[in-house]
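A.B. asks: This is my_file.pdb (PDB, C-alpha atoms).
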MODEL        1
ATOM      1  CA  MET A   1     -62.991  73.010 113.781
ATOM      2  CA  LYS A   2     -61.064  73.934 110.634
ATOM      3  CA  ASP A   3     -61.650  71.924 107.476
ATOM      4  CA  THR A   4     -57.992  70.883 107.295
ATOM      5  CA  VAL A   5     -58.106  69.488 110.842
ATOM      6  CA  LEU A   6     -61.337  67.634 110.087
ATOM      7  CA  PHE A   7     -59.945  66.081 106.882
ATOM      8  CA  GLN A   8     -56.619  65.279 108.601
ATOM      9  CA  GLN A   9     -58.460  63.322 111.281
ATOM     10  CA  ALA A  10     -60.834  61.662 108.813
ATOM     11  CA  LEU A  11     -58.022  60.525 106.503
ATOM     12  CA  CYS A  12     -55.831  59.284 109.412
ATOM     13  CA  LEU A  13     -52.669  60.437 107.661
ATOM     14  CA  PRO A  14     -49.445  59.310 109.358
ATOM     15  CA  MET A  15     -46.471  61.634 109.764
ATOM     16  CA  PRO A  16     -44.980  63.295 107.785
ATOM     17  CA  TRP A  17     -48.177  63.712 105.730
ATOM     18  CA  PHE A  18     -50.784  66.355 106.490
ATOM     19  CA  VAL A  19     -53.757  68.104 104.893
ATOM     20  CA  LYS A  20     -52.473  71.405 103.567
ATOM     21  CA  SER A  21     -55.736  72.813 102.200
ATOM     22  CA  SER A  22     -59.083  71.978 100.681
ATOM     23  CA  ALA A  23     -61.089  73.595  97.918
ATOM     24  CA  PHE A  24     -64.715  73.038  97.009
ATOM     25  CA  ASP A  25     -65.960  73.877  93.508
ATOM     26  CA  ILE A  26     -69.753  73.966  93.555
ATOM     27  CA  GLU A  27     -70.039  74.238  89.744
ATOM     28  CA  GLN A  28     -67.878  71.165  89.136
ATOM     29  CA  LYS A  29     -69.381  69.428  92.190
ATOM     30  CA  ARG A  30     -65.873  68.590  93.315
ATOM     31  CA  LEU A  31     -63.882  68.681  96.536
ATOM     32  CA  THR A  32     -60.089  68.703  96.237
ATOM     33  CA  ILE A  33     -57.996  67.986  99.321
ATOM     34  CA  GLN A  34     -54.342  69.004  99.013
ATOM     35  CA  LEU A  35     -51.901  66.786 100.937
ATOM     36  CA  ASP A  36     -48.281  67.598 101.631
ATOM     37  CA  PHE A  37     -45.379  66.390 103.744
ATOM     38  CA  GLN A  38     -43.578  68.262 106.500
ATOM     39  CA  LYS A  39     -40.537  70.271 105.447
ATOM     40  CA  GLY A  40     -37.330  68.349 106.180
ATOM     41  CA  SER A  41     -39.074  64.945 106.143
ATOM     42  CA  THR A  42     -37.074  61.884 105.238
ATOM     43  CA  PHE A  43     -38.168  58.842 103.280
ATOM     44  CA  SER A  44     -36.942  55.338 102.511
ATOM     45  CA  CYS A  45     -35.748  54.226  99.089
ATOM     46  CA  PRO A  46     -38.537  52.188  97.442
ATOM     47  CA  THR A  47     -35.947  49.880  95.854
ATOM     48  CA  CYS A  48     -33.332  49.112  98.515
ATOM     49  CA  GLY A  49     -35.051  50.462 101.637
ATOM     50  CA  GLN A  50     -32.278  52.826 102.727
ATOM     51  CA  HIS A  51     -33.692  55.208 105.374
ATOM     52  CA  ASP A  52     -33.403  58.913 106.099
ATOM     53  CA  LEU A  53     -33.282  60.219 102.532
ATOM     54  CA  LYS A  54     -34.520  63.783 102.002
ATOM     55  CA  ALA A  55     -36.768  64.758  99.112
ATOM     56  CA  TYR A  56     -34.833  65.458  95.912
ATOM     57  CA  ASP A  57     -37.840  67.027  94.176
ATOM     58  CA  THR A  58     -41.579  66.416  93.874
ATOM     59  CA  ALA A  59     -44.266  65.644  91.315
ATOM     60  CA  GLU A  60     -47.928  66.608  91.716
ATOM     61  CA  LYS A  61     -50.236  63.545  91.647
ATOM     62  CA  GLN A  62     -53.969  63.072  92.046
ATOM     63  CA  TRP A  63     -56.202  60.210  93.266
ATOM     64  CA  ARG A  64     -59.967  59.758  93.166
ATOM     65  CA  HIS A  65     -61.353  59.348  96.677
ATOM     66  CA  LEU A  66     -64.759  58.477  98.110
ATOM     67  CA  ASN A  67     -67.436  61.038  97.366
ATOM     68  CA  PHE A  68     -67.982  63.916  99.760
ATOM     69  CA  PHE A  69     -71.764  63.689 100.069
ATOM     70  CA  GLN A  70     -72.872  63.752  96.393
ATOM     71  CA  HIS A  71     -69.682  65.487  95.186
ATOM     72  CA  GLU A  72     -66.578  63.873  93.730
ATOM     73  CA  CYS A  73     -63.532  64.083  95.968
ATOM     74  CA  TYR A  74     -59.901  64.031  94.899
ATOM     75  CA  LEU A  75     -56.694  63.936  96.904
ATOM     76  CA  THR A  76     -53.701  65.728  95.407
ATOM     77  CA  ALA A  77     -50.185  65.658  96.773
ATOM     78  CA  ARG A  78     -46.619  66.583  96.039
ATOM     79  CA  VAL A  79     -45.070  63.128  95.853
ATOM     80  CA  PRO A  80     -41.354  63.236  96.667
ATOM     81  CA  ARG A  81     -38.531  61.684  94.748
ATOM     82  CA  ILE A  82     -35.382  60.821  96.650
ATOM     83  CA  SER A  83     -31.772  60.527  95.546
ATOM     84  CA  CYS A  84     -30.519  57.191  96.844
ATOM     85  CA  PRO A  85     -26.727  56.746  96.767
ATOM     86  CA  THR A  86     -27.228  53.116  95.678
ATOM     87  CA  CYS A  87     -30.269  53.228  93.391
ATOM     88  CA  GLY A  88     -30.280  56.795  92.052
ATOM     89  CA  VAL A  89     -33.322  59.076  91.881
ATOM     90  CA  LYS A  90     -36.529  57.191  92.732
ATOM     91  CA  ALA A  91     -40.133  58.270  93.282
ATOM     92  CA  ILE A  92     -41.699  57.387  96.618
ATOM     93  CA  THR A  93     -44.344  54.784  95.790
ATOM     94  CA  ASP A  94     -45.385  53.648  99.262
ATOM     95  CA  LEU A  95     -48.098  56.191 100.008
ATOM     96  CA  PRO A  96     -50.454  55.499 102.920
ATOM     97  CA  TRP A  97     -53.617  56.380 100.990
ATOM     98  CA  ALA A  98     -53.066  54.780  97.577
ATOM     99  CA  ARG A  99     -51.713  51.804  95.683
ATOM    100  CA  ARG A 100     -48.881  52.497  93.258
ATOM    101  CA  ASP A 101     -50.004  53.809  89.832
ATOM    102  CA  SER A 102     -53.670  53.247  90.627
ATOM    103  CA  GLY A 103     -55.133  56.748  90.423
ATOM    104  CA  PHE A 104     -57.575  55.826  93.215
ATOM    105  CA  THR A 105     -57.311  55.840  96.982
ATOM    106  CA  LEU A 106     -57.344  52.533  98.833
ATOM    107  CA  LEU A 107     -60.739  53.411 100.339
ATOM    108  CA  PHE A 108     -62.203  54.047  96.886
ATOM    109  CA  GLU A 109     -60.853  50.699  95.667
ATOM    110  CA  ALA A 110     -62.259  48.951  98.755
ATOM    111  CA  MET A 111     -65.696  50.391  97.982
ATOM    112  CA  ILE A 112     -65.464  49.136  94.380
ATOM    113  CA  ILE A 113     -64.494  45.626  95.536
ATOM    114  CA  ALA A 114     -67.379  45.661  98.025
ATOM    115  CA  LEU A 115     -69.816  46.490  95.191
ATOM    116  CA  VAL A 116     -68.519  43.850  92.747
ATOM    117  CA  PRO A 117     -70.495  40.863  94.121
ATOM    118  CA  SER A 118     -73.797  42.719  93.895
ATOM    119  CA  MET A 119     -73.739  44.532  90.543
ATOM    120  CA  PRO A 120     -72.185  44.493  87.070
ATOM    121  CA  CYS A 121     -69.016  46.492  86.418
ATOM    122  CA  LYS A 122     -70.772  48.931  84.061
ATOM    123  CA  THR A 123     -73.373  49.691  86.763
ATOM    124  CA  ILE A 124     -70.596  50.323  89.291
ATOM    125  CA  ALA A 125     -68.845  52.603  86.804
ATOM    126  CA  ASN A 126     -72.025  54.603  86.249
ATOM    127  CA  TYR A 127     -72.666  54.765  89.989
ATOM    128  CA  VAL A 128     -69.232  56.225  90.783
ATOM    129  CA  GLY A 129     -68.875  58.266  87.585
ATOM    130  CA  GLU A 130     -65.837  56.465  86.186
ATOM    131  CA  TYR A 131     -65.100  54.567  82.993
ATOM    132  CA  ASP A 132     -65.742  50.846  83.304
ATOM    133  CA  SER A 133     -62.228  50.132  81.984
ATOM    134  CA  ARG A 134     -60.774  51.879  85.061
ATOM    135  CA  ILE A 135     -63.069  49.856  87.321
ATOM    136  CA  TRP A 136     -61.998  46.641  85.572
ATOM    137  CA  ARG A 137     -58.337  47.520  86.296
ATOM    138  CA  ILE A 138     -59.121  47.677  90.019
ATOM    139  CA  ILE A 139     -61.011  44.375  89.891
ATOM    140  CA  HIS A 140     -58.258  42.617  87.920
ATOM    141  CA  HIS A 141     -55.548  43.855  90.281
ATOM    142  CA  TYR A 142     -57.190  42.352  93.361
ATOM    143  CA  LEU A 143     -58.416  39.248  91.520
ATOM    144  CA  ASP A 144     -54.868  38.565  90.300
ATOM    145  CA  GLU A 145     -53.579  38.954  93.874
ATOM    146  CA  VAL A 146     -56.123  36.449  95.180
ATOM    147  CA  LEU A 147     -55.492  33.974  92.354
ATOM    148  CA  GLU A 148     -51.762  34.153  93.009
ATOM    149  CA  LEU A 149     -52.393  32.990  96.580
ATOM    150  CA  GLN A 150     -54.487  30.008  95.421
ATOM    151  CA  ASP A 151     -52.935  26.549  95.401
ATOM    152  CA  LEU A 152     -54.395  24.898  92.308
ATOM    153  CA  SER A 153     -51.881  22.032  92.198
ATOM    154  CA  SER A 154     -54.556  19.464  93.098
ATOM    155  CA  VAL A 155     -56.925  20.487  90.270
ATOM    156  CA  THR A 156     -57.079  17.682  87.726
ATOM    157  CA  LYS A 157     -60.181  18.579  85.702
ATOM    158  CA  VAL A 158     -61.849  21.779  84.540
ATOM    159  CA  GLY A 159     -65.355  21.853  83.068
ATOM    160  CA  LEU A 160     -66.605  24.318  80.474
ATOM    161  CA  ASP A 161     -70.042  24.676  78.947
ATOM    162  CA  GLU A 162     -70.861  25.985  75.465
ATOM    163  CA  THR A 163     -71.314  29.541  76.780
ATOM    164  CA  ALA A 164     -67.974  29.639  78.589
ATOM    165  CA  SER A 165     -66.108  28.191  75.614
ATOM    166  CA  LYS A 166     -66.987  31.193  73.463
TER     167      LYS A 166
ENDMDL
END
What would the structure in this file look like if it were written as structure tokens?
C.D. replies:
Amino acid sequence: MKDTVLFQQALCLPMPWFVKSSAFDIEQKRLTIQLDFQKGSTFSCPTCGQHDLKAYDTAEKQWRHLNFFQHECYLTARVPRISCPTCGVKAITDLPWARRDSGFTLLFEAMIIALVPSMPCKTIANYVGEYDSRIWRIIHHYLDEVLELQDLSSVTKVGLDETASK
């Protein structure tokens, strides 16, 4: 089985996305998987949702993915921009493997969130080889989403101790 077929199946990429190539750098201890979209593919406008818009141009982007054994793994892709007659030129932001402007794949973020209850953020950052500030951004994103769903209208009192007040 070819590496591209293996990674295509493992990543479960929907059409029009596919694994174009992969490169392993033993010195950097890094696997890079290049994603692309099929020629002639159409996309929807991220603003108004208009369908069947062809790529206007592309921009190369990169996301940190789960490690490949003990080696860092990155996904790179040509991310299309479309020219919408209503909204103008817009970048496609709805990618099946990543959250907008995150720099991480959804699976990487899920692993981080799974680790949060059992270890401090700095320990997680050291474990995955990232800056703790980047890990905190992931945590805050999902924490803010959960807090937004909370109905706190019935809360009438909040208690703080001397440690929390500082």
A.B. asks: Just the number, please: distance in Å from atom CA of Ile138 of chain A to atom CA of Ala91 of chain A, one decimal.
C.D. replies: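 Distance reported for this atom pair: 22.0 Å.
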A.B. asks: Starting from the displayed file, determine the output of the PyMOL selection byres ((chain A and resi 78) around 7) and express the residue list as a PyMOL selection string.
C.D. replies: chain A and resi 36+58-61+77+79-80
A.B. asks: Record the distance separating atom CA of Tyr127 of chain A and atom CA of Arg30 of chain A, expressed in Å with one decimal.
C.D. replies: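 The value is 15.8 Å.
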A.B. asks: Residues within 8 Å of Ile112 of chain A, please, as a PyMOL selection string. Count all atoms listed in the file; anything in the same chain fewer than 6 positions from it doesn't count.
C.D. replies: chain A and resi 124+135+138-139
A.B. asks: Mind writing the picked residues with C-alpha atoms as a PDB file, keeping the file's coordinate frame?
C.D. replies:
ATOM      1  CA  ILE A 124     -70.596  50.323  89.291  1.00  0.00           C
ATOM      2  CA  ILE A 135     -63.069  49.856  87.321  1.00  0.00           C
ATOM      3  CA  ILE A 138     -59.121  47.677  90.019  1.00  0.00           C
ATOM      4  CA  ILE A 139     -61.011  44.375  89.891  1.00  0.00           C
TER       5      ILE A 139
END
A.B. asks: Near segment 41-50 of chain A, counting all atoms listed in the file, which residues have an atom at most 10 Å away, once you skip same-chain residues fewer than 4 positions from it, shown as number ranges by chain?
C.D. replies: A: 15-17, 37, 54-55, 80-94
A.B. asks: Quick one: of A:Arg99, A:Lys39, A:His140, A:Lys20, who's nearest to Arg64 of chain A, counting all atoms listed in the file?
C.D. replies: A:Arg99
A.B. asks: Go through A:Trp136, A:Phe104, A:Phe68, A:Trp97 and flag the residue nearest Leu13 of chain A, using all atoms listed in the file for the distances.
C.D. replies: A:Trp97
A.B. asks: Which residues match the PyMOL selection byres ((chain A and resi 2-12) around 9) in the file above, as a count of residues only?
C.D. replies: 10
A.B. asks: Hey, which of A:Val128, A:Val146, A:Ala23, A:Leu75 ends up closest to Met111 of chain A? Count all atoms listed in the file.
C.D. replies: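 Checking each of A:Val128, A:Val146, A:Ala23, A:Leu75 against Met111 of chain A, counting all atoms listed in the file, the winner is A:Val128.
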A.B. asks: Report, as lines of an AutoDock Vina configuration file, the centre and edge lengths in Å (one decimal) of the axis-aligned box enclosing every listed atom of segment 124-132 of chain A, padded by 3 Å on each side.
C.D. replies:
center_x = -68.9
center_y = 54.3
center_z = 86.9
size_x = 13.6
size_y = 13.9
size_z = 13.8
A.B. asks: Go ahead and compute the interatomic distance for atom CA of Glu109 of chain A and atom CA of Glu130 of chain A, in Å to one decimal.
C.D. replies: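 Those two atoms sit 12.2 Å apart.
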A.B. asks: Go through A:Leu95, A:Lys29, A:Ala110, A:Leu53 and flag the residue nearest His65 of chain A, using only C-alpha atoms for the distances.
C.D. replies: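 Closest to His65 of chain A, using only C-alpha atoms: A:Ala110.
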A.B. asks: On this file, the PyMOL selection byres ((chain A and resi 122) around 9) gives some set of residues; write that set as a ChimeraX atom specification.
C.D. replies: /A:119-121,123-127,131-133,135
